[in-house]
file start-v1.csv (CSV, C-alpha atoms)
chain,number,residue,atom,x,y,z
A,1,MET,CA,-3.7,-2.1,-21.9
A,2,SER,CA,-6.1,-1.6,-19.0
A,3,GLN,CA,-4.0,1.2,-17.6
A,4,THR,CA,-2.8,2.8,-20.9
A,5,VAL,CA,-6.1,3.0,-22.8
A,6,PRO,CA,-8.1,5.2,-20.2
A,7,LEU,CA,-5.2,7.6,-20.0
A,8,PHE,CA,-4.8,7.8,-23.8
A,9,ILE,CA,-8.6,8.4,-24.2
A,10,LYS,CA,-8.6,11.1,-21.5
A,11,HIS,CA,-5.8,13.1,-23.1
A,12,PHE,CA,-7.1,12.5,-26.6
A,13,ASN,CA,-10.5,13.9,-25.7
A,14,ASN,CA,-8.8,17.0,-24.3
A,15,THR,CA,-6.9,17.7,-27.4
A,16,ARG,CA,-8.4,19.8,-30.3
A,17,ASP,CA,-5.2,20.7,-32.2
A,18,ASP,CA,-4.8,18.7,-35.4
A,19,ALA,CA,-1.0,18.4,-35.1
A,20,LYS,CA,-1.3,17.0,-31.6
A,21,ARG,CA,-4.0,14.6,-32.7
A,22,GLU,CA,-1.6,13.3,-35.4
A,23,ARG,CA,0.8,12.4,-32.7
A,24,PHE,CA,-2.0,10.7,-30.8
A,25,PHE,CA,-2.7,8.7,-34.0
A,26,GLN,CA,1.0,7.6,-34.1
A,27,VAL,CA,0.8,6.5,-30.4
A,28,LEU,CA,-2.5,4.8,-31.3
A,29,GLY,CA,-0.6,2.8,-33.8
A,30,ASP,CA,1.8,1.7,-31.0
A,31,ILE,CA,-1.1,0.8,-28.7
A,32,LEU,CA,-2.8,-1.2,-31.5
A,33,SER,CA,0.4,-3.0,-32.4
A,34,PHE,CA,0.9,-3.9,-28.7
A,35,ALA,CA,-2.8,-5.1,-28.6
A,36,GLN,CA,-2.1,-7.5,-31.4
A,37,GLY,CA,0.2,-9.5,-29.1
A,38,VAL,CA,-2.5,-9.8,-26.5
A,39,SER,CA,-5.4,-12.3,-26.8
A,40,ALA,CA,-8.5,-11.0,-28.5
A,41,SER,CA,-10.8,-11.9,-25.6
A,42,SER,CA,-8.7,-10.0,-23.0
A,43,SER,CA,-8.2,-6.9,-25.1
A,44,ALA,CA,-11.8,-6.7,-26.5
A,45,SER,CA,-13.1,-4.4,-23.7
A,46,GLU,CA,-10.1,-2.1,-24.1
A,47,MET,CA,-10.5,-2.0,-27.8
A,48,THR,CA,-14.2,-1.1,-27.4
A,49,LYS,CA,-13.2,1.8,-25.3
A,50,LEU,CA,-10.9,2.9,-28.2
A,51,MET,CA,-13.7,2.8,-30.7
A,52,PRO,CA,-14.4,6.6,-30.7
A,53,VAL,CA,-10.7,7.3,-31.3
A,54,LEU,CA,-10.6,4.7,-34.1
A,55,ILE,CA,-13.6,6.4,-35.7
A,56,VAL,CA,-11.9,9.8,-35.5
A,57,ALA,CA,-8.7,8.2,-36.9
A,58,LEU,CA,-10.6,6.6,-39.8
A,59,GLU,CA,-12.2,10.0,-40.7
A,60,SER,CA,-8.9,11.8,-40.8
A,61,GLU,CA,-5.8,11.5,-42.8
A,62,MET,CA,-3.2,9.3,-41.3
A,63,SER,CA,0.0,7.4,-42.3
A,64,LEU,CA,-0.3,4.1,-44.2
A,65,GLY,CA,1.1,2.1,-41.2
A,66,THR,CA,-1.4,3.7,-38.8
A,67,ALA,CA,-4.3,3.2,-41.2
A,68,GLU,CA,-3.4,-0.5,-41.5
A,69,LEU,CA,-3.3,-0.8,-37.7
A,70,VAL,CA,-6.6,1.0,-37.3
A,71,VAL,CA,-8.4,-1.1,-39.9
A,72,GLY,CA,-6.8,-4.2,-38.3
A,73,ALA,CA,-8.3,-3.2,-35.0
A,74,LEU,CA,-11.7,-2.8,-36.6
A,75,VAL,CA,-11.4,-6.3,-37.9
A,76,THR,CA,-10.6,-7.5,-34.4
A,77,LEU,CA,-13.6,-5.6,-33.0
A,78,LEU,CA,-16.0,-6.8,-35.7
A,79,GLU,CA,-15.1,-10.4,-34.9
A,80,THR,CA,-16.4,-9.7,-31.4
A,81,GLU,CA,-19.9,-8.8,-30.5
A,82,ALA,CA,-18.8,-5.7,-28.6
A,83,ALA,CA,-18.5,-3.5,-31.7
A,84,GLU,CA,-22.2,-3.3,-32.6
A,85,SER,CA,-23.2,-0.7,-30.1
A,86,ALA,CA,-20.1,1.4,-30.4
A,87,LEU,CA,-19.9,1.4,-34.2
A,88,GLU,CA,-23.6,1.6,-35.1
A,89,PRO,CA,-24.0,5.4,-34.8
A,90,HIS,CA,-21.0,6.0,-37.1
A,91,ILE,CA,-21.7,3.2,-39.6
A,92,ALA,CA,-22.2,5.4,-42.7
A,93,SER,CA,-18.9,7.3,-42.3
A,94,VAL,CA,-17.0,4.1,-41.4
A,95,VAL,CA,-18.4,2.3,-44.5
A,96,GLU,CA,-17.5,5.2,-46.7
A,97,ARG,CA,-13.9,5.3,-45.5
A,98,LEU,CA,-13.5,1.5,-45.7
A,99,LEU,CA,-14.7,1.7,-49.3
A,100,GLN,CA,-12.1,4.4,-50.1
A,101,LEU,CA,-9.4,2.2,-48.5
A,102,ALA,CA,-10.6,-0.9,-50.4
A,103,GLY,CA,-10.5,0.9,-53.7
A,104,SER,CA,-7.2,2.5,-53.2
A,105,GLU,CA,-4.1,1.3,-55.1
A,106,ASP,CA,-1.7,1.9,-52.2
A,107,HIS,CA,-1.3,-1.3,-50.2
A,108,VAL,CA,-2.7,-4.8,-50.7
A,109,SER,CA,-2.6,-5.6,-47.0
A,110,LEU,CA,-4.6,-2.5,-46.1
A,111,LYS,CA,-7.0,-3.2,-48.9
A,112,MET,CA,-7.5,-6.8,-47.7
A,113,LYS,CA,-8.2,-5.6,-44.1
A,114,ALA,CA,-10.8,-3.1,-45.4
A,115,LEU,CA,-12.5,-5.8,-47.4
A,116,LYS,CA,-12.5,-8.1,-44.4
A,117,CYS,CA,-14.2,-5.3,-42.4
A,118,LEU,CA,-16.8,-4.9,-45.1
A,119,GLU,CA,-17.4,-8.6,-45.2
A,120,LEU,CA,-17.9,-8.8,-41.4
A,121,MET,CA,-20.3,-5.9,-41.2
A,122,PRO,CA,-23.4,-7.8,-42.6
A,123,LYS,CA,-22.7,-10.5,-40.1
A,124,ARG,CA,-22.7,-8.1,-37.1
A,125,PHE,CA,-25.3,-5.5,-38.0
A,126,ALA,CA,-29.0,-5.7,-38.7
A,127,PRO,CA,-30.0,-5.2,-42.4
A,128,SER,CA,-31.9,-2.0,-41.4
A,129,VAL,CA,-28.6,-0.4,-40.2
A,130,LEU,CA,-26.7,-1.2,-43.4
A,131,SER,CA,-29.4,-0.8,-46.0
A,132,SER,CA,-28.7,2.9,-46.6
A,133,SER,CA,-25.1,2.0,-47.6
A,134,ARG,CA,-25.9,-1.2,-49.6
A,135,ARG,CA,-26.1,0.3,-53.1
A,136,ALA,CA,-22.8,2.3,-52.7
A,137,VAL,CA,-21.0,-0.7,-51.3
A,138,THR,CA,-22.1,-3.2,-53.9
A,139,LYS,CA,-21.2,-0.7,-56.7
A,140,LYS,CA,-17.8,0.0,-55.3
A,141,LEU,CA,-17.1,-3.7,-54.6
A,142,GLN,CA,-18.0,-4.6,-58.1
A,143,SER,CA,-15.2,-2.3,-59.4
A,144,VAL,CA,-12.8,-3.8,-56.8
A,145,THR,CA,-13.5,-7.3,-58.2
A,146,MET,CA,-11.6,-6.2,-61.3
A,147,ASP,CA,-8.4,-5.7,-59.3
A,148,LYS,CA,-5.2,-7.3,-60.8
A,149,LYS,CA,-4.6,-9.3,-57.6
A,150,ARG,CA,-6.6,-12.6,-57.4
A,151,LEU,CA,-6.7,-12.5,-53.6
A,152,VAL,CA,-8.2,-9.0,-53.6
A,153,ARG,CA,-10.8,-10.0,-56.2
A,154,ARG,CA,-11.8,-13.0,-54.1
A,155,ALA,CA,-12.1,-10.9,-50.9
A,156,ALA,CA,-14.1,-8.3,-52.8
A,157,ALA,CA,-16.5,-10.9,-54.2
A,158,ASP,CA,-17.0,-12.4,-50.7
A,159,ALA,CA,-17.8,-9.0,-49.3
A,160,ASN,CA,-20.0,-8.2,-52.2
A,161,ASN,CA,-22.0,-11.4,-51.8
A,162,ARG,CA,-22.6,-10.6,-48.1
A,163,TRP,CA,-23.8,-7.1,-48.9
A,164,SER,CA,-26.0,-8.2,-51.8
A,165,MET,CA,-28.0,-10.4,-49.4
A,166,ILE,CA,-29.1,-7.5,-47.3
call {"tool": "encode", "arguments": {"input": "start-v1.csv", "output": "structure tokens"}}
result
Amino acid sequence: MSQTVPLFIKHFNNTRDDAKRERFFQVLGDILSFAQGVSASSSASEMTKLMPVLIVALESEMSLGTAELVVGALVTLLETEAAESALEPHIASVVERLLQLAGSEDHVSLKMKALKCLELMPKRFAPSVLSSSRRAVTKKLQSVTMDKKRLVRRAAADANNRWSMI
């Protein structure tokens, strides 16, 4: 990880072509799946370096598998304290994308990871950072609590409770 991530970031930042960036997102999926096998404490610094790439990946269209790995990486980062400074400037766009993923009908696992991210955000960020997104989040999460899967309803209710306390 410590050798791969800096090279990946260097080449990603030099690429502006959307087709090439899609290939980078596919490679990002491989890097993230490899990082899941490494302990969270040892990969946290490398994952923090990948935060700008994760944000660009979230804001663009990607395959379902890559989206699941990216959101899973966000969960891992939000469970550490390192994510606050890297994610704070992009919080509005990340929250918007997570709400889209949480409300989609595509994949339950992806939906659950997006809801987990939304639940962890009020724990990590000051209320002043999240307050602008509070109304949109609680409104969307209320509709997700009507999902047909009990597990999804429960995760949406937990996230909604956290956001309601802001």
call {"tool": "residues_around", "arguments": {"input": "start-v1.csv", "residues": "Val129 (chain A)", "least_positions_apart": "3", "cutoff": "8 Å", "atoms": "all atoms listed in the file", "output": "list in words"}}
result
Glu88, Ile91, Phe125, Ala126 and Ser132 of chain A
call {"tool": "write_last_selection", "arguments": {"input": "start-v1.csv", "atoms": "C-alpha atoms", "output": "short mmCIF file (atom, residue, chain, number, x, y, z; two decimals), in the coordinates of the input"}}
result
data_model
loop_
_atom_site.label_atom_id
_atom_site.label_comp_id
_atom_site.auth_asym_id
_atom_site.auth_seq_id
_atom_site.Cartn_x
_atom_site.Cartn_y
_atom_site.Cartn_z
CA GLU A 88 -23.60 1.60 -35.10
CA ILE A 91 -21.70 3.20 -39.60
CA PHE A 125 -25.30 -5.50 -38.00
CA ALA A 126 -29.00 -5.70 -38.70
CA SER A 132 -28.70 2.90 -46.60
#
call {"tool": "residues_around", "arguments": {"input": "start-v1.csv", "residues": "Ser2 (chain A)", "least_positions_apart": "2", "cutoff": "7 Å", "atoms": "only C-alpha atoms", "output": "list in words"}}
result
Thr4, Val5 and Glu46 of chain A
call {"tool": "closest_residue", "arguments": {"input": "start-v1.csv", "among": "A:Ser85, A:Thr138, A:Ser143, A:Ser60", "to": "Asn161 (chain A)", "atoms": "all atoms listed in the file"}}
result
A:Thr138
call {"tool": "residues_around", "arguments": {"input": "start-v1.csv", "residues": "Ala57 (chain A)", "least_positions_apart": "2", "cutoff": "10 Å", "atoms": "all atoms listed in the file", "output": "list in words"}}
result
Arg21, Glu22, Phe24, Phe25, Leu28, Met51, Pro52, Val53, Leu54, Ile55, Glu59, Ser60, Glu61, Met62, Thr66, Ala67, Val70 and Val71 of chain A
call {"tool": "closest_residue", "arguments": {"input": "start-v1.csv", "among": "A:Ser45, A:Trp163, A:Asp17, A:Lys149", "to": "Ser109 (chain A)", "atoms": "only C-alpha atoms"}}
result
A:Lys149
call {"tool": "closest_residue", "arguments": {"input": "start-v1.csv", "among": "A:Lys148, A:Arg134, A:His11, A:Arg124", "to": "Val108 (chain A)", "atoms": "all atoms listed in the file"}}
result
A:Lys148
call {"tool": "atom_distance", "arguments": {"input": "start-v1.csv", "atom1": "CA of Ser33 (chain A)", "atom2": "CA of Val75 (chain A)"}}
result
13.4 Å
call {"tool": "atom_distance", "arguments": {"input": "start-v1.csv", "atom1": "CA of Gly29 (chain A)", "atom2": "CA of Val144 (chain A)"}}
result
26.9 Å
call {"tool": "closest_residue", "arguments": {"input": "start-v1.csv", "among": "A:Thr145, A:Gln3, A:Ser131, A:Asn13", "to": "Ser164 (chain A)", "atoms": "all atoms listed in the file"}}
result
A:Ser131
